[in-house]
$ cat coords.txt   # compact mmCIF, C-alpha atoms
# COMPACT_ATOMS: atom_id res chain seq x y z
CA MET U 1 -8.45 -153.66 38.32
CA THR U 2 -9.37 -150.00 38.08
CA ASP U 3 -6.38 -147.81 38.93
CA PHE U 4 -7.35 -144.22 39.70
CA LEU U 5 -4.36 -141.90 39.55
CA GLU U 6 -4.20 -138.41 41.04
CA PRO U 7 -5.63 -136.60 37.97
CA ASP U 8 -8.48 -139.17 37.73
CA LEU U 9 -9.41 -138.51 41.35
CA ALA U 10 -9.25 -134.74 40.85
CA ALA U 11 -11.42 -134.88 37.71
CA MET U 12 -14.06 -137.23 39.17
CA ASP U 13 -17.61 -136.05 39.79
CA SER U 14 -17.65 -134.91 43.44
CA ARG U 15 -20.47 -137.22 44.58
CA LYS U 16 -18.86 -140.21 42.92
CA ARG U 17 -15.50 -139.36 44.49
CA ALA U 18 -17.17 -139.00 47.89
CA ASN U 19 -18.66 -142.50 47.51
CA LEU U 20 -15.34 -143.95 46.38
CA ILE U 21 -13.16 -142.34 49.03
CA ASN U 22 -15.67 -143.14 51.78
CA SER U 23 -15.59 -146.81 50.69
CA VAL U 24 -11.87 -147.37 50.42
CA THR U 25 -11.03 -147.02 54.10
CA GLY U 26 -12.91 -150.30 54.72
CA TYR U 27 -15.75 -151.11 57.11
CA LYS U 28 -16.49 -148.44 59.68
CA SER U 29 -18.30 -148.44 62.99
CA ALA U 30 -21.83 -147.05 63.23
CA ASN U 31 -22.41 -144.97 66.32
CA LEU U 32 -25.11 -142.55 67.41
CA ILE U 33 -23.85 -139.53 69.32
CA GLY U 34 -26.38 -138.17 71.80
CA THR U 35 -26.13 -134.62 73.12
CA ILE U 36 -28.15 -132.04 75.00
CA ALA U 37 -28.18 -128.26 74.60
CA ALA U 38 -28.01 -125.90 77.57
CA ASP U 39 -31.75 -125.23 77.01
CA GLY U 40 -32.50 -128.95 77.36
CA GLY U 41 -33.10 -129.79 73.68
CA THR U 42 -31.72 -133.19 72.71
CA ASN U 43 -29.88 -134.17 69.56
CA LEU U 44 -28.86 -137.46 68.03
CA ALA U 45 -26.64 -138.02 65.00
CA ILE U 46 -24.97 -140.98 63.35
CA PHE U 47 -21.17 -140.97 62.94
CA ASN U 48 -18.96 -143.42 61.04
CA SER U 49 -15.69 -141.90 62.19
CA VAL U 50 -15.46 -142.94 65.83
CA VAL U 51 -11.88 -144.02 66.46
CA HIS U 52 -10.05 -145.57 69.42
CA ILE U 53 -7.46 -143.14 70.81
CA GLY U 54 -6.26 -144.94 73.91
CA ALA U 55 -7.20 -147.24 76.78
CA ALA U 56 -5.15 -145.76 79.65
CA PRO U 57 -6.75 -143.31 80.12
CA PRO U 58 -9.78 -144.38 78.06
CA LEU U 59 -10.08 -141.90 75.18
CA VAL U 60 -12.25 -141.89 72.08
CA GLY U 61 -12.31 -139.59 69.06
CA PHE U 62 -14.54 -138.75 66.13
CA VAL U 63 -14.02 -136.61 63.05
CA LEU U 64 -16.34 -133.68 62.54
CA ARG U 65 -16.82 -132.01 59.17
CA PRO U 66 -15.89 -128.32 58.92
CA VAL U 67 -17.84 -126.14 61.31
CA GLY U 68 -19.66 -123.40 59.39
CA GLU U 69 -20.23 -125.56 56.30
CA VAL U 70 -23.54 -126.81 57.69
CA PRO U 71 -25.05 -126.50 61.18
CA ARG U 72 -23.26 -128.75 63.65
CA HIS U 73 -25.76 -129.25 66.45
CA THR U 74 -23.82 -132.14 67.94
CA TYR U 75 -20.67 -130.06 68.30
CA GLU U 76 -22.49 -126.95 69.55
CA ASN U 77 -24.17 -129.02 72.24
CA ILE U 78 -20.90 -130.69 73.26
CA LEU U 79 -19.22 -127.31 73.68
CA GLU U 80 -22.21 -126.03 75.66
CA THR U 81 -22.74 -128.91 78.06
CA ARG U 82 -19.43 -130.90 77.81
CA TYR U 83 -20.92 -134.39 77.99
CA TYR U 84 -22.11 -136.70 75.22
CA THR U 85 -22.93 -140.33 74.65
CA ILE U 86 -21.76 -142.79 72.00
CA ASN U 87 -24.30 -145.54 71.32
CA HIS U 88 -23.91 -148.60 69.10
CA VAL U 89 -26.30 -149.25 66.22
CA HIS U 90 -27.89 -152.69 65.99
CA GLU U 91 -29.66 -154.38 63.10
CA SER U 92 -33.05 -153.79 64.71
CA PHE U 93 -32.88 -149.99 64.27
CA VAL U 94 -30.43 -149.41 61.48
CA GLY U 95 -32.94 -147.40 59.39
CA ARG U 96 -33.85 -145.13 62.29
CA ALA U 97 -30.17 -144.57 62.97
CA HIS U 98 -29.39 -143.74 59.32
CA TYR U 99 -32.02 -141.02 59.09
CA THR U 100 -30.62 -139.12 62.07
CA ALA U 101 -28.14 -137.83 59.44
CA ALA U 102 -30.79 -135.59 57.85
CA LYS U 103 -30.21 -131.90 58.49
CA PHE U 104 -33.12 -131.04 60.74
CA GLU U 105 -33.55 -127.55 62.12
CA ARG U 106 -32.20 -126.75 65.55
CA GLY U 107 -34.85 -127.51 68.14
CA VAL U 108 -36.04 -130.64 66.34
CA SER U 109 -34.87 -133.79 68.15
CA GLU U 110 -33.83 -136.77 66.03
CA PHE U 111 -34.93 -138.93 68.96
CA ASP U 112 -38.54 -137.91 68.21
CA ILE U 113 -38.35 -137.90 64.41
CA CYS U 114 -36.53 -141.23 64.18
CA GLY U 115 -38.45 -142.98 66.94
CA LEU U 116 -35.55 -143.64 69.29
CA THR U 117 -35.78 -143.33 73.07
CA PRO U 118 -33.74 -140.74 74.99
CA GLU U 119 -32.56 -142.43 78.16
CA PHE U 120 -31.29 -140.29 81.03
CA LEU U 121 -29.12 -142.00 83.60
CA GLU U 122 -28.40 -140.59 87.02
CA GLY U 123 -25.21 -138.58 87.17
CA PHE U 124 -24.98 -138.03 83.42
CA ALA U 125 -26.38 -134.99 81.62
CA ALA U 126 -26.46 -136.23 78.01
CA PRO U 127 -29.09 -138.68 76.72
CA PHE U 128 -28.20 -142.27 75.90
CA VAL U 129 -30.15 -144.25 73.30
CA GLY U 130 -32.54 -146.62 75.07
CA GLU U 131 -32.48 -149.11 72.16
CA SER U 132 -28.68 -149.36 72.18
CA ARG U 133 -27.08 -152.15 74.20
CA ILE U 134 -23.50 -150.84 74.20
CA LYS U 135 -23.05 -147.21 75.15
CA LEU U 136 -20.41 -144.84 76.38
CA GLY U 137 -20.72 -141.75 78.53
CA VAL U 138 -18.03 -139.32 77.38
CA GLU U 139 -16.68 -136.04 78.72
CA TYR U 140 -15.40 -133.62 76.11
CA ALA U 141 -11.63 -133.16 76.34
CA GLU U 142 -10.20 -131.45 73.30
CA SER U 143 -10.80 -130.28 69.72
CA ILE U 144 -7.88 -130.96 67.43
CA PRO U 145 -8.06 -129.07 64.13
CA ILE U 146 -6.99 -130.83 60.94
CA PRO U 147 -5.84 -127.79 58.96
CA LEU U 148 -5.70 -129.57 55.58
CA ASN U 149 -9.47 -129.58 55.15
CA GLY U 150 -10.93 -127.83 58.19
CA THR U 151 -12.22 -130.96 59.88
CA ILE U 152 -11.85 -131.43 63.63
CA LEU U 153 -10.89 -134.49 65.64
CA VAL U 154 -13.03 -134.28 68.76
CA VAL U 155 -11.44 -136.21 71.61
CA GLY U 156 -13.29 -137.22 74.75
CA ALA U 157 -12.60 -139.11 77.96
CA ILE U 158 -14.74 -142.23 78.44
CA ARG U 159 -16.34 -141.87 81.88
CA ARG U 160 -18.85 -144.68 81.72
CA VAL U 161 -19.20 -147.91 79.74
CA ILE U 162 -22.47 -149.84 79.60
CA VAL U 163 -22.41 -153.32 78.06
CA PRO U 164 -24.72 -156.33 78.38
CA ALA U 165 -23.28 -158.77 80.93
CA ASP U 166 -23.84 -161.70 78.55
CA ALA U 167 -21.70 -160.09 75.81
CA LEU U 168 -18.74 -159.38 78.12
CA SER U 169 -15.91 -161.92 78.05
CA GLU U 170 -13.58 -162.86 80.89
CA ASP U 171 -10.74 -160.96 79.17
CA GLY U 172 -12.72 -157.71 79.01
CA SER U 173 -13.56 -157.85 75.31
CA VAL U 174 -17.13 -157.44 74.15
CA ASP U 175 -18.85 -159.76 71.68
CA LEU U 176 -20.33 -157.38 69.11
CA ASN U 177 -21.94 -160.23 67.12
CA ARG U 178 -24.05 -161.08 70.14
CA VAL U 179 -25.74 -157.67 70.18
CA ALA U 180 -26.15 -157.62 66.38
CA ASP U 181 -23.96 -154.56 65.92
CA VAL U 182 -23.73 -153.23 62.37
CA CYS U 183 -20.85 -151.72 60.47
CA VAL U 184 -20.96 -149.30 57.53
CA SER U 185 -19.32 -149.01 54.15
CA GLY U 186 -19.32 -145.79 52.20
CA LEU U 187 -22.01 -143.39 53.33
CA ASP U 188 -25.15 -145.48 53.18
CA THR U 189 -24.56 -149.24 53.27
CA TYR U 190 -24.91 -151.25 56.47
CA HIS U 191 -23.66 -154.75 57.22
CA SER U 192 -23.99 -157.39 59.88
CA ALA U 193 -20.81 -159.18 60.93
CA THR U 194 -19.88 -162.76 61.74
CA ARG U 195 -16.78 -163.72 63.64
CA ILE U 196 -14.32 -165.75 61.58
CA ALA U 197 -11.18 -165.80 63.75
CA LYS U 198 -9.67 -164.74 67.06
CA PHE U 199 -5.87 -164.82 67.27
CA PRO U 200 -3.43 -164.69 70.18
CA TYR U 201 -1.42 -161.56 70.83
CA ALA U 202 1.22 -161.45 68.06
CA ARG U 203 4.82 -161.97 69.21
CA PRO U 204 7.80 -162.63 66.92
CA GLU U 205 8.41 -166.03 68.57
CA THR U 206 4.82 -167.21 68.08
CA VAL U 207 4.33 -166.31 64.42
CA PRO U 208 3.21 -169.44 62.54
CA ASP U 209 5.43 -170.70 59.73
CA PHE U 210 3.47 -169.09 56.89
CA GLU U 211 4.04 -170.63 53.50
CA LYS U 212 6.00 -168.21 51.33
CA MET V 1 -26.24 -154.69 81.98
CA THR V 2 -22.77 -154.07 83.35
CA ASP V 3 -22.29 -150.37 84.07
CA PHE V 4 -18.63 -149.42 84.50
CA LEU V 5 -18.27 -146.04 86.17
CA GLU V 6 -15.10 -143.93 86.16
CA PRO V 7 -13.55 -145.54 89.29
CA ASP V 8 -14.30 -149.03 87.92
CA LEU V 9 -12.48 -148.20 84.68
CA ALA V 10 -9.52 -146.71 86.57
CA ALA V 11 -9.23 -149.74 88.88
CA MET V 12 -9.53 -152.34 86.12
CA ASP V 13 -6.60 -154.62 85.20
CA SER V 14 -4.84 -152.82 82.33
CA ARG V 15 -5.08 -155.67 79.82
CA LYS V 16 -8.75 -156.17 80.57
CA ARG V 17 -9.40 -152.45 80.20
CA ALA V 18 -7.50 -152.42 76.89
CA ASN V 19 -9.74 -155.22 75.61
CA LEU V 20 -12.89 -153.48 76.82
CA ILE V 21 -12.05 -150.01 75.50
CA ASN V 22 -10.85 -151.39 72.18
CA SER V 23 -14.18 -153.23 71.80
CA VAL V 24 -16.61 -150.47 72.66
CA THR V 25 -15.93 -148.25 69.67
CA GLY V 26 -17.56 -150.94 67.46
CA TYR V 27 -16.28 -152.73 64.39
CA LYS V 28 -13.10 -151.30 62.91
CA SER V 29 -11.45 -151.56 59.52
CA ALA V 30 -8.46 -153.87 59.04
CA ASN V 31 -5.74 -152.34 56.90
CA LEU V 32 -2.11 -153.19 56.24
CA ILE V 33 0.17 -150.19 55.92
CA GLY V 34 3.13 -150.83 53.63
CA THR V 35 6.27 -148.67 53.83
CA ILE V 36 9.86 -148.60 52.65
CA ALA V 37 12.93 -147.23 54.41
CA ALA V 38 15.47 -145.03 52.63
CA ASP V 39 17.79 -148.07 52.59
CA GLY V 40 15.14 -150.08 50.72
CA GLY V 41 13.94 -152.30 53.58
CA THR V 42 10.20 -152.89 53.49
CA ASN V 43 7.77 -152.94 56.38
CA LEU V 44 4.14 -154.01 56.75
CA ALA V 45 1.89 -153.51 59.76
CA ILE V 46 -1.80 -153.93 60.51
CA PHE V 47 -3.78 -150.93 61.72
CA ASN V 48 -7.35 -150.80 63.00
CA SER V 49 -7.50 -147.03 63.27
CA VAL V 50 -7.68 -145.89 59.65
CA VAL V 51 -10.26 -143.11 59.46
CA HIS V 52 -11.84 -141.12 56.63
CA ILE V 53 -10.81 -137.46 56.86
CA GLY V 54 -12.24 -136.05 53.65
CA ALA V 55 -13.04 -136.68 49.99
CA ALA V 56 -12.22 -133.30 48.42
CA PRO V 57 -9.26 -133.47 48.54
CA PRO V 58 -9.09 -137.19 49.34
CA LEU V 59 -7.50 -137.51 52.80
CA VAL V 60 -7.08 -140.45 55.12
CA GLY V 61 -5.77 -140.70 58.69
CA PHE V 62 -4.61 -143.30 61.16
CA VAL V 63 -3.76 -143.15 64.84
CA LEU V 64 -0.26 -144.09 65.87
CA ARG V 65 0.63 -145.05 69.43
CA PRO V 66 3.17 -142.88 71.24
CA VAL V 67 6.53 -142.70 69.48
CA GLY V 68 9.30 -143.80 71.83
CA GLU V 69 7.10 -146.30 73.68
CA VAL V 70 8.06 -149.06 71.23
CA PRO V 71 9.84 -148.90 67.87
CA ARG V 72 7.62 -147.42 65.18
CA HIS V 73 9.08 -148.66 61.94
CA THR V 74 6.02 -147.67 59.93
CA TYR V 75 6.24 -144.07 61.08
CA GLU V 76 10.03 -143.83 60.71
CA ASN V 77 9.74 -145.08 57.14
CA ILE V 78 6.92 -142.66 56.32
CA LEU V 79 8.98 -139.72 57.58
CA GLU V 80 12.01 -140.94 55.59
CA THR V 81 10.38 -141.67 52.25
CA ARG V 82 7.00 -139.82 52.47
CA TYR V 83 4.88 -142.41 50.68
CA TYR V 84 2.94 -145.37 52.05
CA THR V 85 0.22 -147.76 51.02
CA ILE V 86 -3.01 -148.79 52.75
CA ASN V 87 -4.17 -152.27 51.76
CA HIS V 88 -7.40 -154.03 52.72
CA VAL V 89 -7.36 -157.36 54.54
CA HIS V 90 -9.48 -160.17 53.11
CA GLU V 91 -10.64 -163.43 54.71
CA SER V 92 -8.05 -165.41 52.73
CA PHE V 93 -5.08 -163.89 54.57
CA VAL V 94 -6.45 -162.63 57.85
CA GLY V 95 -3.95 -164.70 59.91
CA ARG V 96 -0.96 -163.43 57.96
CA ALA V 97 -2.23 -159.89 58.37
CA HIS V 98 -2.73 -160.28 62.13
CA TYR V 99 0.83 -161.42 62.78
CA THR V 100 2.35 -158.35 61.11
CA ALA V 101 1.59 -156.76 64.50
CA ALA V 102 4.45 -158.65 66.18
CA LYS V 103 7.38 -156.42 67.12
CA PHE V 104 10.07 -157.65 64.76
CA GLU V 105 13.51 -156.08 64.74
CA ARG V 106 14.24 -153.34 62.25
CA GLY V 107 15.51 -154.89 59.04
CA VAL V 108 13.11 -157.84 59.23
CA SER V 109 10.31 -157.48 56.68
CA GLU V 110 6.83 -158.61 57.71
CA PHE V 111 6.21 -159.32 54.02
CA ASP V 112 8.73 -162.20 54.29
CA ILE V 113 7.81 -163.44 57.75
CA CYS V 114 4.07 -163.37 57.13
CA GLY V 115 4.20 -164.64 53.55
CA LEU V 116 2.68 -161.63 51.82
CA THR V 117 3.88 -160.28 48.48
CA PRO V 118 5.43 -156.81 48.18
CA GLU V 119 4.11 -155.32 44.96
CA PHE V 120 5.90 -152.33 43.46
CA LEU V 121 3.94 -150.26 40.97
CA GLU V 122 5.51 -147.83 38.57
CA GLY V 123 5.59 -144.29 39.89
CA PHE V 124 5.12 -145.27 43.51
CA ALA V 125 7.96 -145.87 45.97
CA ALA V 126 6.19 -147.78 48.74
CA PRO V 127 5.17 -151.45 48.41
CA PHE V 128 1.55 -152.48 48.01
CA VAL V 129 0.31 -155.89 49.18
CA GLY V 130 -0.04 -158.19 46.17
CA GLU V 131 -2.80 -160.23 47.87
CA SER V 132 -4.93 -157.17 48.61
CA ARG V 133 -7.62 -156.21 46.09
CA ILE V 134 -8.34 -152.70 47.37
CA LYS V 135 -5.34 -150.48 47.97
CA LEU V 136 -4.43 -146.85 48.33
CA GLY V 137 -1.22 -145.05 47.48
CA VAL V 138 -0.82 -142.25 50.01
CA GLU V 139 1.53 -139.28 50.34
CA TYR V 140 2.31 -138.21 53.88
CA ALA V 141 0.84 -134.81 54.67
CA GLU V 142 0.85 -134.05 58.37
CA SER V 143 1.34 -135.39 61.89
CA ILE V 144 -1.20 -134.10 64.35
CA PRO V 145 -0.26 -134.73 67.98
CA ILE V 146 -2.97 -135.72 70.43
CA PRO V 147 -1.47 -134.27 73.60
CA LEU V 148 -3.75 -136.13 76.04
CA ASN V 149 -1.95 -139.44 75.58
CA GLY V 150 0.94 -138.81 73.19
CA THR V 151 -0.66 -140.54 70.20
CA ILE V 152 -0.42 -139.01 66.74
CA LEU V 153 -3.01 -138.70 63.99
CA VAL V 154 -1.06 -139.24 60.78
CA VAL V 155 -2.85 -137.64 57.82
CA GLY V 156 -2.05 -138.42 54.22
CA ALA V 157 -3.27 -137.43 50.77
CA ILE V 158 -4.69 -140.30 48.71
CA ARG V 159 -2.81 -140.23 45.39
CA ARG V 160 -3.92 -143.52 43.92
CA VAL V 161 -6.87 -145.86 44.42
CA ILE V 162 -6.84 -149.41 43.12
CA VAL V 163 -10.10 -151.35 43.20
CA PRO V 164 -11.39 -154.38 41.29
CA ALA V 165 -13.56 -153.24 38.40
CA ASP V 166 -16.26 -155.78 39.34
CA ALA V 167 -16.60 -154.36 42.87
CA LEU V 168 -16.99 -150.75 41.72
CA SER V 169 -20.57 -149.45 41.45
CA GLU V 170 -21.93 -146.85 39.05
CA ASP V 171 -22.14 -144.35 41.94
CA GLY V 172 -18.46 -144.72 42.84
CA SER V 173 -18.98 -146.85 45.94
CA VAL V 174 -17.09 -150.10 46.35
CA ASP V 175 -18.71 -153.41 47.33
CA LEU V 176 -16.54 -154.62 50.21
CA ASN V 177 -18.53 -157.87 50.58
CA ARG V 178 -17.51 -158.85 47.08
CA VAL V 179 -13.80 -158.86 47.95
CA ALA V 180 -14.39 -160.60 51.31
CA ASP V 181 -13.04 -157.69 53.35
CA VAL V 182 -12.84 -158.28 57.09
CA CYS V 183 -13.45 -155.98 60.02
CA VAL V 184 -12.03 -156.19 63.53
CA SER V 185 -13.38 -155.96 67.05
CA GLY V 186 -11.12 -155.38 70.01
CA LEU V 187 -7.49 -156.21 69.30
CA ASP V 188 -7.69 -159.73 67.95
CA THR V 189 -11.10 -160.73 66.60
CA TYR V 190 -11.89 -160.65 62.89
CA HIS V 191 -15.26 -160.77 61.19
CA SER V 192 -16.71 -161.13 57.73
CA ALA V 193 -19.59 -158.82 56.82
CA THR V 194 -22.87 -159.19 54.97
CA ARG V 195 -24.82 -156.31 53.58
CA ILE V 196 -28.21 -155.84 55.20
CA ALA V 197 -29.35 -152.43 53.92
CA LYS V 198 -28.52 -149.50 51.69
CA PHE V 199 -30.45 -146.30 52.30
CA PRO V 200 -30.94 -143.12 50.28
CA TYR V 201 -29.20 -139.93 51.31
CA ALA V 202 -31.06 -138.73 54.41
CA ARG V 203 -33.08 -135.53 53.98
CA PRO V 204 -35.64 -134.14 56.44
CA GLU V 205 -38.44 -134.44 53.83
CA THR V 206 -37.70 -138.09 53.05
CA VAL V 207 -37.50 -139.48 56.58
CA PRO V 208 -39.97 -142.40 56.86
CA ASP V 209 -42.76 -142.13 59.40
CA PHE V 210 -41.05 -144.16 62.12
CA GLU V 211 -43.33 -145.59 64.75
CA LYS V 212 -42.79 -143.83 68.03
$ encode --input "coords.txt" --output "structure tokens"
Amino acid sequence: MTDFLEPDLAAMDSRKRANLINSVTGYKSANLIGTIAADGGTNLAIFNSVVHIGAAPPLVGFVLRPVGEVPRHTYENILETRYYTINHVHESFVGRAHYTAAKFERGVSEFDICGLTPEFLEGFAAPFVGESRIKLGVEYAESIPIPLNGTILVVGAIRRVIVPADALSEDGSVDLNRVADVCVSGLDTYHSATRIAKFPYARPETVPDFEK
Amino acid sequence: MTDFLEPDLAAMDSRKRANLINSVTGYKSANLIGTIAADGGTNLAIFNSVVHIGAAPPLVGFVLRPVGEVPRHTYENILETRYYTINHVHESFVGRAHYTAAKFERGVSEFDICGLTPEFLEGFAAPFVGESRIKLGVEYAESIPIPLNGTILVVGAIRRVIVPADALSEDGSVDLNRVADVCVSGLDTYHSATRIAKFPYARPETVPDFEK
């Protein structure tokens, strides 16, 4: 085992530490956030930090790096037009999705550069990703600053959920294997997933007698 | 495609909506958070909401459901003793990890009930999970309330990182496939993962010529 203590982490080369710390939270979701500026320009960017905030009401969050450090077109657009989309990444376009992370100039749309299709649905201002089979229409709700490092938790209200009928179970859950969703480790490595187990809701009286 | 609009989501059976909304953020990490009370009692609980906050300094967050709704032993212990551990879940003990979610009474340790080994390392108060091969020692830093639904983003400073030497790459990233890490969809479904691609850092000048 390699045991990095606090001074080891502090002394580590910054790129190496970024790779390490980004790996050790485990597998992360891969989502493309689609936005539109007030002038109509579209933007698309991959995020690994989408997190479930609540189901009643349906809320979703993502962590945004410090504003001002680099241009944040996604965030600027969200503040301007209030609506955005969260679109799953599938195996079939994982490379296109990855390269939306490049820092293009404002006015350049990652939809064009990365060969993904902006899809406009009636009653929703922001573009969805045509290639994505699971997608959320979200209304901006709140920016919650994380003072320790200047990041922001952006929280939105889920106003629309689009899922393929054949991936939707009776109990409301969605089969992500069926749409070939990917997950991410670190900053650059993508994985497919295969279901190994589904368990009942855990209650004290139903816990199996695990061997000690 | 099934297209759930805002009224459909509001009218949905609450358990069904919970399953749907917990699925549509994509694959999530599976982590066991280990804590200790001031009286020495240990606690272990699975969380799917661990999120990367930053690498310099190394910060990690997780979302906690509203305090007061149900007992929150993990959070009470963190506030009492300030240190906690985040431990990856592997295929070999995914069932044991799942059942730590049951609401046991205070004083009952999930380590005992679920047959997992509390591992105390010198210089660190909170218990690690002996069976886990990737684990973080974390110092509590800050509770950030999310007013919209009463959840809390708990942010901590990563003080120690333990990873198997044979899963650690030259560039600092960790091979999660190698330790058979699992990821989660919804509330109850666990998956293994298989690497499909690793891409270079995305820069505008290195974006491939994607077919439009």
$ closest_atom_pairs --input "coords.txt" --of "chain V" --to "chain U" --cutoff "6 Å" --atoms "only C-alpha atoms" --output "Markdown table"
| residue | atom | partner | partner_atom | distance |
| --- | --- | --- | --- | --- |
| V:Met1 | CA | U:Pro164 | CA | 4.2 |
| V:Thr2 | CA | U:Ala165 | CA | 5.3 |
| V:Asp3 | CA | U:Ile162 | CA | 4.5 |
| V:Phe4 | CA | U:Val161 | CA | 5.0 |
| V:Leu5 | CA | U:Arg160 | CA | 4.7 |
| V:Glu6 | CA | U:Arg159 | CA | 4.9 |
| V:Lys16 | CA | U:Gly172 | CA | 4.5 |
| V:Ala18 | CA | U:Ala55 | CA | 5.2 |
| V:Asn19 | CA | U:Ser173 | CA | 4.6 |
| V:Leu20 | CA | U:Ser173 | CA | 4.7 |
| V:Ile21 | CA | U:Ala55 | CA | 5.7 |
| V:Ser23 | CA | U:Val174 | CA | 5.7 |
| V:Gly26 | CA | U:Ser29 | CA | 5.2 |
| V:Tyr27 | CA | U:Ser29 | CA | 4.9 |
| V:Lys28 | CA | U:Lys28 | CA | 5.5 |
| V:Ser29 | CA | U:Tyr27 | CA | 4.9 |
| V:Ala55 | CA | U:Ala18 | CA | 5.2 |
| V:Tyr99 | CA | U:Ala202 | CA | 5.3 |
| V:Ala101 | CA | U:Ala202 | CA | 5.9 |
| V:Ala102 | CA | U:Arg203 | CA | 4.5 |
| V:Phe104 | CA | U:Pro204 | CA | 5.9 |
| V:Cys114 | CA | U:Phe210 | CA | 5.8 |
| V:Gly115 | CA | U:Lys212 | CA | 4.6 |
| V:Arg159 | CA | U:Glu6 | CA | 4.9 |
| V:Arg160 | CA | U:Leu5 | CA | 4.7 |
| V:Val161 | CA | U:Phe4 | CA | 5.0 |
| V:Ile162 | CA | U:Asp3 | CA | 4.5 |
| V:Val163 | CA | U:Thr2 | CA | 5.3 |
| V:Pro164 | CA | U:Met1 | CA | 4.2 |
| V:Ala165 | CA | U:Met1 | CA | 5.1 |
| V:Asp171 | CA | U:Lys16 | CA | 5.4 |
| V:Gly172 | CA | U:Lys16 | CA | 4.5 |
| V:Ser173 | CA | U:Asn19 | CA | 4.6 |
| V:Val174 | CA | U:Ser23 | CA | 5.6 |
| V:Asp188 | CA | U:Phe199 | CA | 5.4 |
| V:Thr189 | CA | U:Lys198 | CA | 4.3 |
| V:Tyr190 | CA | U:Ala197 | CA | 5.3 |
| V:His191 | CA | U:Arg195 | CA | 4.1 |
| V:Ser192 | CA | U:Thr194 | CA | 5.4 |
| V:Ala193 | CA | U:Ala193 | CA | 4.3 |
| V:Thr194 | CA | U:His191 | CA | 5.0 |
| V:Arg195 | CA | U:His191 | CA | 4.1 |
| V:Ile196 | CA | U:His191 | CA | 5.1 |
| V:Ala197 | CA | U:Tyr190 | CA | 5.3 |
| V:Lys198 | CA | U:Thr189 | CA | 4.3 |
| V:Phe199 | CA | U:Asp188 | CA | 5.4 |
| V:Ala202 | CA | U:Ala102 | CA | 4.7 |
| V:Arg203 | CA | U:Ala102 | CA | 4.5 |
| V:Pro204 | CA | U:Ala102 | CA | 5.3 |
| V:Phe210 | CA | U:Gly115 | CA | 5.6 |
| V:Glu211 | CA | U:Gly115 | CA | 6.0 |
| V:Lys212 | CA | U:Gly115 | CA | 4.6 |
$ closest_residue --input "coords.txt" --among "U:Gly68, U:Thr85, U:His73, U:Glu119" --to "Glu139 (chain U)" --atoms "only C-alpha atoms"
U:Thr85
$ atom_distance --input "coords.txt" --atom1 "CA of Pro127 (chain U)" --atom2 "CA of Arg106 (chain U)"
16.6 Å
$ atom_distance --input "coords.txt" --atom1 "CA of Val154 (chain V)" --atom2 "CA of Thr74 (chain V)"
11.0 Å
$ atom_distance --input "coords.txt" --atom1 "CA of Tyr140 (chain U)" --atom2 "CA of Ser92 (chain U)"
29.1 Å
$ axis_aligned_box --input "coords.txt" --around "region 105-120 of chain V" --padding-each-side "6 Å" --output "lines of an AutoDock Vina configuration file"
center_x = 9.1
center_y = -158.5
center_z = 54.1
size_x = 24.8
size_y = 24.3
size_z = 33.3
$ residues_around --input "coords.txt" --residues "Asn43 (chain V)" --least-positions-apart "3" --cutoff "6 Å" --atoms "only C-alpha atoms" --output "MDAnalysis selection string"
chainID V and resid 34:35 109:110
$ decode --input "coords.txt" --residues "region 35-41 of chain V" --atoms "N, CA, C and O atoms" --output "CSV table (one decimal), in the first residue's frame"
chain,number,residue,atom,x,y,z
V,35,THR,N,-16.9,6.5,11.0
V,35,THR,CA,-16.8,7.6,12.0
V,35,THR,C,-16.7,6.9,13.4
V,35,THR,O,-17.0,5.7,13.5
V,36,ILE,N,-16.3,7.7,14.3
V,36,ILE,CA,-16.3,7.3,15.7
V,36,ILE,C,-16.9,8.4,16.6
V,36,ILE,O,-16.7,9.6,16.4
V,37,ALA,N,-17.7,7.9,17.6
V,37,ALA,CA,-18.3,8.9,18.5
V,37,ALA,C,-17.3,9.2,19.6
V,37,ALA,O,-16.3,8.5,19.8
V,38,ALA,N,-17.5,10.3,20.4
V,38,ALA,CA,-16.7,10.6,21.5
V,38,ALA,C,-16.6,9.5,22.5
V,38,ALA,O,-15.5,9.3,23.1
V,39,ASP,N,-17.6,8.7,22.6
V,39,ASP,CA,-17.6,7.6,23.6
V,39,ASP,C,-17.0,6.3,23.0
V,39,ASP,O,-16.9,5.3,23.6
V,40,GLY,N,-16.4,6.4,21.8
V,40,GLY,CA,-15.7,5.3,21.2
V,40,GLY,C,-16.5,4.4,20.3
V,40,GLY,O,-15.9,3.5,19.6
V,41,GLY,N,-17.8,4.6,20.2
V,41,GLY,CA,-18.7,3.7,19.3
V,41,GLY,C,-18.4,4.1,17.9
V,41,GLY,O,-18.2,5.2,17.5
